[in-house]
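This report concerns only the one structure given below.
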Amino acid sequence: MDASLIIMWTGFILAGYAVVGNDSIQTLGTFLSSNEDRKWYVLWAFAGSILTLTLLYGWSEYGGDVSYGRLETYAFVDDMGWPYLLPPLVLMLLTRTGIPVSTSFLILTFFKPKGLLDMTMKSILGYALAFCAAIIIWQLITRWLDKRFINNPITEREAKLWTALQWASTGFLWGQWLIQDFANIYVYLPRALDLHEIIISLIVLLGMLAYIFYSRGGNIQKIVKAKTNTTDIRSATIIDFTYGIILLFFKEFSNVPMSTTWVFLGLLAGREIAIRYRLELDAEPSDRDRATGAYYVGMIMNVVILLLIGYVVYLRDQVNDLIIVVMAVAMVLRAAIAYAETVPGRKNLMGAFRNIFSDLGKVAFGLAVSIALVYIMRFLTTGTFIESVG
């Protein structure tokens, strides 16, 4: 058998396991947390059926390209050498330690290093957009719902309704995520798969998914459980639906691959700050009297953020780097103002900030590892470090 063929399928298998294992926190994390009492194979059958339908639909509609067009600018490498196995191997190692690195950066940049800049900017926009949307949405949700969820355990009657809603939101989110991240796995295989290749790859992915459900998400799952009230099926449903809507936007936004890990962590970060901010203000109404100026500036920032989100949606594929920087600055300012508003409760928010900075440090570490490995692989394959990554 041709060595490059062995490397191609080995790379696919390793990438499939690493990507599904690492990214379980994004689409399946809240699903697993809020369904811990159910058999793993029931959850696997549900997620596996959606994976099968999404894969086969993309394969039939895009002429054998299951990436939904996201690999159009990534040429297939006919003569893969052993260095191409480095990205998924490193990703598997980092996943075992519980570090939520970006699979897009670690894998796709090896096949197209010059796409790193576009991917990075789109991912930064994804983090900032998810953060800003979450901090606005969960200020309202916490006021009306999350505080009630925390103080009132779910009843048996409510559980039936929320279970149906949560499974529906998870199915929607899981499908949107697969459309984004199939590119990270199938970059190792030809751009147009024949019937045998699609069947074999589907069996491999379903087997890996079964292991993820059997192990209940592994170490990465701890990141989801560390966030406020994510094991409550009601909160998990809202998280999944919101994340799915954001991914749907980026699906229509452009075909440039992006880090869905960054989007997910941005969503959790904005949600965490909004929940702690709202609970603190409700517990200590006098905070507003002590920081009146910050409170009104925060309300103004909410309006500005809503306008920025609307502008980004309006621009779609015409979003430039300046808008991305403005969105990132707005994200930082809103978090700082929330901190200034809650004078006695700053320790509560500082805990959230430490958690967020820890998560950001981990994904930034993954990006640094990705860039370093791009240069290492280039040296191993070409003998030079000279060509630019950007």
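Naming works like this for the structure tokens: A, B, ... for the chains as they're shown, residue 1 at the start of each chain, ligands 1 onward in shown order.
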
Extract, using only C-alpha atoms, all DNA, RNA and protein residues at most 8 Å from region 243-245 of chain A, discarding same-chain residues fewer than 2 positions from it, and format them as an mmCIF file with all heavy atoms, in the first residue's frame.
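What follows is the written file selection16.cif:
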data_model
loop_
_atom_site.group_PDB
_atom_site.id
_atom_site.type_symbol
_atom_site.label_atom_id
_atom_site.label_comp_id
_atom_site.auth_asym_id
_atom_site.auth_seq_id
_atom_site.Cartn_x
_atom_site.Cartn_y
_atom_site.Cartn_z
ATOM 1 N N ALA A 130 -19.513 37.008 19.997
ATOM 2 C CA ALA A 130 -20.182 36.113 20.940
ATOM 3 C C ALA A 130 -20.190 36.704 22.345
ATOM 4 O O ALA A 130 -21.200 36.638 23.058
ATOM 5 C CB ALA A 130 -19.494 34.748 20.951
ATOM 6 N N SER A 169 -32.360 22.147 20.668
ATOM 7 C CA SER A 169 -31.317 23.170 20.540
ATOM 8 C C SER A 169 -29.946 22.533 20.332
ATOM 9 O O SER A 169 -29.123 23.040 19.564
ATOM 10 C CB SER A 169 -31.302 24.076 21.783
ATOM 11 O OG SER A 169 -30.909 23.364 22.939
ATOM 12 N N PHE A 172 -29.712 21.380 16.702
ATOM 13 C CA PHE A 172 -29.463 22.541 15.849
ATOM 14 C C PHE A 172 -28.005 22.986 15.949
ATOM 15 O O PHE A 172 -27.324 23.204 14.944
ATOM 16 C CB PHE A 172 -30.409 23.671 16.263
ATOM 17 C CG PHE A 172 -30.075 25.013 15.664
ATOM 18 C CD1 PHE A 172 -30.130 25.215 14.289
ATOM 19 C CD2 PHE A 172 -29.712 26.077 16.474
ATOM 20 C CE1 PHE A 172 -29.829 26.451 13.736
ATOM 21 C CE2 PHE A 172 -29.412 27.307 15.938
ATOM 22 C CZ PHE A 172 -29.475 27.497 14.566
ATOM 23 N N LEU A 173 -27.506 23.114 17.186
ATOM 24 C CA LEU A 173 -26.129 23.549 17.403
ATOM 25 C C LEU A 173 -25.129 22.546 16.844
ATOM 26 O O LEU A 173 -24.154 22.916 16.186
ATOM 27 C CB LEU A 173 -25.893 23.747 18.899
ATOM 28 C CG LEU A 173 -24.440 23.970 19.348
ATOM 29 C CD1 LEU A 173 -23.840 25.181 18.662
ATOM 30 C CD2 LEU A 173 -24.371 24.119 20.862
ATOM 31 N N TRP A 174 -25.337 21.267 17.104
ATOM 32 C CA TRP A 174 -24.431 20.215 16.655
ATOM 33 C C TRP A 174 -24.300 20.222 15.139
ATOM 34 O O TRP A 174 -23.210 20.112 14.583
ATOM 35 C CB TRP A 174 -24.944 18.877 17.174
ATOM 36 C CG TRP A 174 -24.200 17.626 16.829
ATOM 37 C CD1 TRP A 174 -24.736 16.496 16.299
ATOM 38 C CD2 TRP A 174 -22.810 17.335 17.015
ATOM 39 N NE1 TRP A 174 -23.775 15.520 16.153
ATOM 40 C CE2 TRP A 174 -22.580 16.013 16.578
ATOM 41 C CE3 TRP A 174 -21.733 18.068 17.502
ATOM 42 C CZ2 TRP A 174 -21.323 15.406 16.613
ATOM 43 C CZ3 TRP A 174 -20.476 17.472 17.541
ATOM 44 C CH2 TRP A 174 -20.283 16.166 17.107
ATOM 45 N N GLN A 176 -24.807 22.840 13.121
ATOM 46 C CA GLN A 176 -24.088 24.052 12.718
ATOM 47 C C GLN A 176 -22.587 23.910 12.978
ATOM 48 O O GLN A 176 -21.756 24.337 12.178
ATOM 49 C CB GLN A 176 -24.629 25.279 13.468
ATOM 50 C CG GLN A 176 -26.055 25.638 13.119
ATOM 51 C CD GLN A 176 -26.236 25.909 11.640
ATOM 52 O OE1 GLN A 176 -25.408 26.556 10.995
ATOM 53 N NE2 GLN A 176 -27.314 25.387 11.081
ATOM 54 N N TRP A 177 -22.235 23.283 14.108
ATOM 55 C CA TRP A 177 -20.820 23.101 14.419
ATOM 56 C C TRP A 177 -20.154 22.155 13.421
ATOM 57 O O TRP A 177 -19.037 22.394 12.972
ATOM 58 C CB TRP A 177 -20.660 22.554 15.838
ATOM 59 C CG TRP A 177 -19.234 22.266 16.180
ATOM 60 C CD1 TRP A 177 -18.304 23.128 16.664
ATOM 61 C CD2 TRP A 177 -18.555 21.009 16.027
ATOM 62 N NE1 TRP A 177 -17.097 22.494 16.834
ATOM 63 C CE2 TRP A 177 -17.225 21.194 16.438
ATOM 64 C CE3 TRP A 177 -18.959 19.750 15.578
ATOM 65 C CZ2 TRP A 177 -16.292 20.168 16.439
ATOM 66 C CZ3 TRP A 177 -18.018 18.726 15.568
ATOM 67 C CH2 TRP A 177 -16.698 18.937 15.991
ATOM 68 N N ILE A 239 -27.957 28.339 26.254
ATOM 69 C CA ILE A 239 -26.574 28.433 25.767
ATOM 70 C C ILE A 239 -26.460 27.805 24.377
ATOM 71 O O ILE A 239 -25.898 28.396 23.446
ATOM 72 C CB ILE A 239 -25.604 27.735 26.746
ATOM 73 C CG1 ILE A 239 -25.526 28.502 28.063
ATOM 74 C CG2 ILE A 239 -24.206 27.626 26.125
ATOM 75 C CD1 ILE A 239 -24.750 27.772 29.141
ATOM 76 N N ASP A 240 -26.978 26.607 24.218
ATOM 77 C CA ASP A 240 -26.870 25.882 22.949
ATOM 78 C C ASP A 240 -27.563 26.632 21.814
ATOM 79 O O ASP A 240 -27.028 26.740 20.708
ATOM 80 C CB ASP A 240 -27.481 24.482 23.084
ATOM 81 C CG ASP A 240 -26.618 23.553 23.920
ATOM 82 O OD1 ASP A 240 -25.489 23.948 24.249
ATOM 83 O OD2 ASP A 240 -27.083 22.452 24.244
ATOM 84 N N PHE A 241 -28.749 27.144 22.081
ATOM 85 C CA PHE A 241 -29.496 27.838 21.028
ATOM 86 C C PHE A 241 -28.783 29.118 20.604
ATOM 87 O O PHE A 241 -28.667 29.414 19.408
ATOM 88 C CB PHE A 241 -30.914 28.157 21.516
ATOM 89 C CG PHE A 241 -31.763 28.820 20.469
ATOM 90 C CD1 PHE A 241 -32.257 28.098 19.395
ATOM 91 C CD2 PHE A 241 -32.052 30.176 20.555
ATOM 92 C CE1 PHE A 241 -33.033 28.717 18.415
ATOM 93 C CE2 PHE A 241 -32.826 30.804 19.595
ATOM 94 C CZ PHE A 241 -33.316 30.072 18.523
ATOM 95 N N LEU A 247 -23.155 30.575 15.214
ATOM 96 C CA LEU A 247 -22.474 29.766 14.200
ATOM 97 C C LEU A 247 -23.207 29.812 12.861
ATOM 98 O O LEU A 247 -22.573 29.786 11.800
ATOM 99 C CB LEU A 247 -22.356 28.312 14.674
ATOM 100 C CG LEU A 247 -21.310 28.022 15.748
ATOM 101 C CD1 LEU A 247 -21.222 26.522 16.007
ATOM 102 C CD2 LEU A 247 -19.942 28.553 15.363
ATOM 103 N N LEU A 248 -24.524 29.882 12.907
ATOM 104 C CA LEU A 248 -25.297 30.007 11.671
ATOM 105 C C LEU A 248 -24.929 31.295 10.949
ATOM 106 O O LEU A 248 -24.788 31.312 9.716
ATOM 107 C CB LEU A 248 -26.800 29.975 11.977
ATOM 108 C CG LEU A 248 -27.737 30.171 10.781
ATOM 109 C CD1 LEU A 248 -27.544 29.063 9.753
ATOM 110 C CD2 LEU A 248 -29.188 30.219 11.242
ATOM 111 N N PHE A 249 -24.749 32.376 11.712
ATOM 112 C CA PHE A 249 -24.321 33.637 11.102
ATOM 113 C C PHE A 249 -22.970 33.479 10.418
ATOM 114 O O PHE A 249 -22.773 33.916 9.282
ATOM 115 C CB PHE A 249 -24.241 34.743 12.162
ATOM 116 C CG PHE A 249 -23.473 35.957 11.706
ATOM 117 C CD1 PHE A 249 -24.012 36.828 10.770
ATOM 118 C CD2 PHE A 249 -22.201 36.217 12.192
ATOM 119 C CE1 PHE A 249 -23.300 37.938 10.335
ATOM 120 C CE2 PHE A 249 -21.485 37.320 11.763
ATOM 121 C CZ PHE A 249 -22.034 38.182 10.833
ATOM 122 N N PHE A 264 -17.087 29.857 21.181
ATOM 123 C CA PHE A 264 -17.735 29.254 22.345
ATOM 124 C C PHE A 264 -17.233 29.869 23.650
ATOM 125 O O PHE A 264 -18.028 30.195 24.546
ATOM 126 C CB PHE A 264 -17.484 27.747 22.350
ATOM 127 C CG PHE A 264 -18.141 27.030 23.497
ATOM 128 C CD1 PHE A 264 -19.513 26.942 23.576
ATOM 129 C CD2 PHE A 264 -17.377 26.451 24.494
ATOM 130 C CE1 PHE A 264 -20.128 26.284 24.639
ATOM 131 C CE2 PHE A 264 -17.979 25.786 25.555
ATOM 132 C CZ PHE A 264 -19.352 25.700 25.627
ATOM 133 N N LEU A 267 -18.681 33.261 24.159
ATOM 134 C CA LEU A 267 -20.070 33.174 24.627
ATOM 135 C C LEU A 267 -20.121 32.888 26.127
ATOM 136 O O LEU A 267 -20.855 33.548 26.880
ATOM 137 C CB LEU A 267 -20.799 32.073 23.857
ATOM 138 C CG LEU A 267 -22.262 31.837 24.221
ATOM 139 C CD1 LEU A 267 -23.122 32.999 23.765
ATOM 140 C CD2 LEU A 267 -22.768 30.536 23.597
#

Record the distance separating CA of Gly270 (chain A) and CA of Ser215 (chain A), expressed in Å with one decimal.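 Taking CA of Gly270 (chain A) as the start and CA of Ser215 (chain A) as the end point, the length is 28.5 Å.
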
Neighbours of region 59-63 of chain A within 10 Å (only C-alpha atoms; same-chain residues fewer than 5 positions away dropped), as a VMD selection string? chain A and resid 53 to 54 68 to 69 191 to 195 198

Give me the residues within 10 Å of Arg70 (chain A) as a PyMOL selection string, counting only C-alpha atoms and dropping any in the same chain fewer than 3 places off. chain A and resi 65-67+73-74+179-184+187+251+254-258

For the residues selected in the previous step, produce a file with N, CA and C atoms as a PDB file, in the first residue's frame.
ATOM      1  N   ASP A  65     -17.879  17.117  -1.558  1.00  0.00           N
ATOM      2  CA  ASP A  65     -17.118  17.925  -0.602  1.00  0.00           C
ATOM      3  C   ASP A  65     -17.927  18.076   0.677  1.00  0.00           C
ATOM      4  N   VAL A  66     -17.567  17.317   1.705  1.00  0.00           N
ATOM      5  CA  VAL A  66     -18.338  17.336   2.950  1.00  0.00           C
ATOM      6  C   VAL A  66     -18.021  18.548   3.818  1.00  0.00           C
ATOM      7  N   SER A  67     -17.068  19.384   3.408  1.00  0.00           N
ATOM      8  CA  SER A  67     -16.712  20.575   4.190  1.00  0.00           C
ATOM      9  C   SER A  67     -17.625  21.752   3.883  1.00  0.00           C
ATOM     10  N   THR A  73     -10.180  26.593  -0.974  1.00  0.00           N
ATOM     11  CA  THR A  73      -8.854  27.191  -1.176  1.00  0.00           C
ATOM     12  C   THR A  73      -7.736  26.368  -0.556  1.00  0.00           C
ATOM     13  N   TYR A  74      -8.062  25.168  -0.060  1.00  0.00           N
ATOM     14  CA  TYR A  74      -7.061  24.289   0.541  1.00  0.00           C
ATOM     15  C   TYR A  74      -6.833  23.106  -0.402  1.00  0.00           C
ATOM     16  N   ILE A 179     -20.888  21.633  10.339  1.00  0.00           N
ATOM     17  CA  ILE A 179     -20.680  22.324   9.071  1.00  0.00           C
ATOM     18  C   ILE A 179     -19.401  23.153   9.121  1.00  0.00           C
ATOM     19  N   GLN A 180     -19.117  23.765  10.281  1.00  0.00           N
ATOM     20  CA  GLN A 180     -17.903  24.570  10.430  1.00  0.00           C
ATOM     21  C   GLN A 180     -16.652  23.699  10.543  1.00  0.00           C
ATOM     22  N   ASP A 181     -16.738  22.599  11.306  1.00  0.00           N
ATOM     23  CA  ASP A 181     -15.522  21.865  11.677  1.00  0.00           C
ATOM     24  C   ASP A 181     -15.250  20.595  10.880  1.00  0.00           C
ATOM     25  N   PHE A 182     -16.126  20.225   9.955  1.00  0.00           N
ATOM     26  CA  PHE A 182     -15.787  19.102   9.078  1.00  0.00           C
ATOM     27  C   PHE A 182     -14.493  19.389   8.317  1.00  0.00           C
ATOM     28  N   ALA A 183     -14.245  20.665   8.032  1.00  0.00           N
ATOM     29  CA  ALA A 183     -13.035  21.039   7.294  1.00  0.00           C
ATOM     30  C   ALA A 183     -11.780  20.623   8.041  1.00  0.00           C
ATOM     31  N   ASN A 184     -11.791  20.728   9.382  1.00  0.00           N
ATOM     32  CA  ASN A 184     -10.609  20.385  10.178  1.00  0.00           C
ATOM     33  C   ASN A 184     -10.280  18.901  10.123  1.00  0.00           C
ATOM     34  N   VAL A 187      -9.729  17.665   5.830  1.00  0.00           N
ATOM     35  CA  VAL A 187      -8.638  18.268   5.074  1.00  0.00           C
ATOM     36  C   VAL A 187      -7.617  17.208   4.659  1.00  0.00           C
ATOM     37  N   LYS A 251     -21.614  30.777   9.337  1.00  0.00           N
ATOM     38  CA  LYS A 251     -21.751  29.879   8.185  1.00  0.00           C
ATOM     39  C   LYS A 251     -22.110  30.684   6.937  1.00  0.00           C
ATOM     40  N   SER A 254     -18.955  33.778   5.693  1.00  0.00           N
ATOM     41  CA  SER A 254     -17.919  33.498   4.688  1.00  0.00           C
ATOM     42  C   SER A 254     -17.508  32.040   4.787  1.00  0.00           C
ATOM     43  N   ASN A 255     -16.757  31.579   3.771  1.00  0.00           N
ATOM     44  CA  ASN A 255     -16.264  30.205   3.751  1.00  0.00           C
ATOM     45  C   ASN A 255     -14.889  30.058   4.397  1.00  0.00           C
ATOM     46  N   VAL A 256     -14.346  31.161   4.951  1.00  0.00           N
ATOM     47  CA  VAL A 256     -13.050  31.082   5.625  1.00  0.00           C
ATOM     48  C   VAL A 256     -13.218  30.280   6.918  1.00  0.00           C
ATOM     49  N   PRO A 257     -12.453  29.195   7.105  1.00  0.00           N
ATOM     50  CA  PRO A 257     -12.557  28.437   8.361  1.00  0.00           C
ATOM     51  C   PRO A 257     -12.233  29.311   9.555  1.00  0.00           C
ATOM     52  N   MET A 258     -12.798  28.997  10.699  1.00  0.00           N
ATOM     53  CA  MET A 258     -12.567  29.788  11.899  1.00  0.00           C
ATOM     54  C   MET A 258     -12.482  28.865  13.104  1.00  0.00           C
TER      55      MET A 258
END

Any idea what the distance is between CA of Ile324 (chain A) and CA of Ile275 (chain A)? 25.2 Å

Within 9 Å of region 312-316 of chain A, counting only C-alpha atoms, which residues qualify if same-chain residues fewer than 4 places away don't, as a PyMOL selection string? chain A and resi 129+249-250+252-254+307-308+323-324

Which of these residues is nearest to Ser370 (chain A), using only C-alpha atoms: A:Phe31, A:Tyr41, A:Phe105, A:Trp9? A:Phe105

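Of the listed residues A:Gly16, A:Gly293, A:Gly11, A:Gly383, the one whose atoms come nearest to Thr342 (chain A) is A:Gly293, with distances taken using only C-alpha atoms.
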
Would you compute the distance between CA of Tyr295 (chain A) and CA of Ala338 (chain A)? Give it in Å to one decimal.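 Going from CA of Tyr295 (chain A) over to CA of Ala338 (chain A) covers 8.0 Å.
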
Among listed residues A:Leu322, A:Leu71, A:Leu140, A:Leu189, nearest Met121 (chain A) (using only C-alpha atoms):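 Ranked by minimum distance to Met121 (chain A), first place goes to A:Leu322.
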
Long-range neighbours of Leu209 (chain A) as a ChimeraX atom specification, 9 Å cut-off, only C-alpha atoms, 3 positions minimum in chain: /A:17,20-21,44,47-48,204-206,212-214

Kindly export the residues of the current selection with N, CA, C and O atoms, as a tab-separated table (two decimals), in the first residue's frame.
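Output (again01.tsv):
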chain	number	residue	atom	x	y	z
A	17	TYR	N	-10.44	12.09	15.87
A	17	TYR	CA	-10.49	11.86	17.31
A	17	TYR	C	-10.15	13.13	18.09
A	17	TYR	O	-10.82	13.50	19.05
A	20	VAL	N	-13.02	15.98	17.54
A	20	VAL	CA	-14.26	15.66	18.26
A	20	VAL	C	-14.02	15.68	19.76
A	20	VAL	O	-14.83	16.20	20.54
A	21	GLY	N	-12.87	15.15	20.20
A	21	GLY	CA	-12.57	15.13	21.62
A	21	GLY	C	-12.34	16.51	22.19
A	21	GLY	O	-12.86	16.86	23.25
A	44	TRP	N	-25.44	9.16	22.36
A	44	TRP	CA	-24.63	8.92	21.15
A	44	TRP	C	-25.50	8.69	19.93
A	44	TRP	O	-25.22	9.21	18.84
A	47	ALA	N	-26.80	12.14	18.75
A	47	ALA	CA	-25.78	12.96	18.10
A	47	ALA	C	-25.26	12.30	16.83
A	47	ALA	O	-24.97	12.98	15.83
A	48	GLY	N	-25.15	10.97	16.84
A	48	GLY	CA	-24.65	10.26	15.66
A	48	GLY	C	-25.58	10.36	14.47
A	48	GLY	O	-25.14	10.44	13.32
A	204	VAL	N	-15.78	5.64	11.02
A	204	VAL	CA	-14.70	6.06	11.92
A	204	VAL	C	-15.19	7.16	12.86
A	204	VAL	O	-14.97	7.11	14.08
A	205	LEU	N	-15.87	8.16	12.32
A	205	LEU	CA	-16.34	9.28	13.14
A	205	LEU	C	-17.39	8.84	14.16
A	205	LEU	O	-17.38	9.30	15.31
A	206	LEU	N	-18.28	7.95	13.76
A	206	LEU	CA	-19.29	7.47	14.69
A	206	LEU	C	-18.66	6.67	15.83
A	206	LEU	O	-19.10	6.74	16.98
A	212	ILE	N	-16.35	9.31	22.96
A	212	ILE	CA	-16.50	10.59	23.64
A	212	ILE	C	-17.70	10.55	24.59
A	212	ILE	O	-17.61	11.00	25.74
A	213	PHE	N	-18.81	9.99	24.14
A	213	PHE	CA	-19.98	9.91	25.00
A	213	PHE	C	-19.76	8.91	26.13
A	213	PHE	O	-20.21	9.13	27.26
A	214	TYR	N	-19.07	7.81	25.83
A	214	TYR	CA	-18.80	6.80	26.86
A	214	TYR	C	-17.94	7.39	27.98
A	214	TYR	O	-18.15	7.09	29.16

Going by DSSP on the backbone, which residues of region 84-329 of chain A come out as helix (DSSP H, G or I)? List them as number ranges by chain. A: 84-96, 103-111, 113-151, 156-186, 195-214, 218-225, 233-253, 260-283, 286-290, 292-318, 321-329

May I have the residues within 8 Å of Asp359 (chain A) as a ChimeraX atom specification, using only C-alpha atoms and disregarding those fewer than 3 positions away in the same chain? /A:100,265,355-356,362-363

Restricting the output to all heavy atoms, write the selected residues as a JSON list (two decimals), in the first residue's frame.
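As a result, out-v8.json now contains:
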[["chain", "number", "residue", "atom", "x", "y", "z"],
["A", 100, "PRO", "N", -8.27, 23.78, 25.97],
["A", 100, "PRO", "CA", -9.19, 23.98, 24.84],
["A", 100, "PRO", "C", -8.55, 24.75, 23.69],
["A", 100, "PRO", "O", -8.83, 25.92, 23.46],
["A", 100, "PRO", "CB", -10.31, 24.80, 25.48],
["A", 100, "PRO", "CG", -9.61, 25.63, 26.49],
["A", 100, "PRO", "CD", -8.49, 24.77, 27.03],
["A", 265, "LEU", "N", -15.93, 30.05, 23.77],
["A", 265, "LEU", "CA", -15.38, 30.63, 24.99],
["A", 265, "LEU", "C", -15.80, 32.09, 25.14],
["A", 265, "LEU", "O", -16.00, 32.58, 26.26],
["A", 265, "LEU", "CB", -13.85, 30.51, 24.99],
["A", 265, "LEU", "CG", -13.31, 29.08, 25.13],
["A", 265, "LEU", "CD1", -11.79, 29.08, 25.10],
["A", 265, "LEU", "CD2", -13.83, 28.43, 26.41],
["A", 355, "ASN", "N", -11.16, 33.33, 35.58],
["A", 355, "ASN", "CA", -11.59, 32.16, 34.81],
["A", 355, "ASN", "C", -11.47, 32.44, 33.31],
["A", 355, "ASN", "O", -10.97, 31.63, 32.54],
["A", 355, "ASN", "CB", -13.04, 31.83, 35.18],
["A", 355, "ASN", "CG", -13.44, 30.43, 34.77],
["A", 355, "ASN", "OD1", -13.05, 29.95, 33.73],
["A", 355, "ASN", "ND2", -14.26, 29.79, 35.60],
["A", 356, "ILE", "N", -11.92, 33.63, 32.90],
["A", 356, "ILE", "CA", -11.89, 34.00, 31.49],
["A", 356, "ILE", "C", -10.45, 34.12, 30.99],
["A", 356, "ILE", "O", -10.10, 33.64, 29.92],
["A", 356, "ILE", "CB", -12.65, 35.32, 31.28],
["A", 356, "ILE", "CG1", -14.15, 35.11, 31.51],
["A", 356, "ILE", "CG2", -12.40, 35.88, 29.88],
["A", 356, "ILE", "CD1", -14.93, 36.40, 31.64],
["A", 362, "LYS", "N", -5.18, 29.65, 27.53],
["A", 362, "LYS", "CA", -5.07, 28.30, 26.97],
["A", 362, "LYS", "C", -5.22, 28.32, 25.44],
["A", 362, "LYS", "O", -4.47, 27.66, 24.73],
["A", 362, "LYS", "CB", -6.11, 27.38, 27.61],
["A", 362, "LYS", "CG", -5.82, 27.08, 29.07],
["A", 362, "LYS", "CD", -6.96, 26.29, 29.72],
["A", 362, "LYS", "CE", -6.68, 26.02, 31.18],
["A", 362, "LYS", "NZ", -7.80, 25.33, 31.85],
["A", 363, "VAL", "N", -6.21, 29.10, 24.93],
["A", 363, "VAL", "CA", -6.38, 29.12, 23.47],
["A", 363, "VAL", "C", -5.25, 29.91, 22.81],
["A", 363, "VAL", "O", -4.85, 29.61, 21.68],
["A", 363, "VAL", "CB", -7.75, 29.69, 23.06],
["A", 363, "VAL", "CG1", -8.87, 28.77, 23.49],
["A", 363, "VAL", "CG2", -7.97, 31.08, 23.60]]

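Minimum atom-to-atom distance to Leu108 (chain A), evaluated using only C-alpha atoms, belongs to A:Ile371 out of A:Ala210, A:Val325, A:Ile371, A:Ile376.
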
Could you check the closest approach to Gly171 (chain A) for each of A:Ala45, A:Thr261, A:Leu360, A:Asn302 and tell me which residue wins, using only C-alpha atoms? A:Ala45
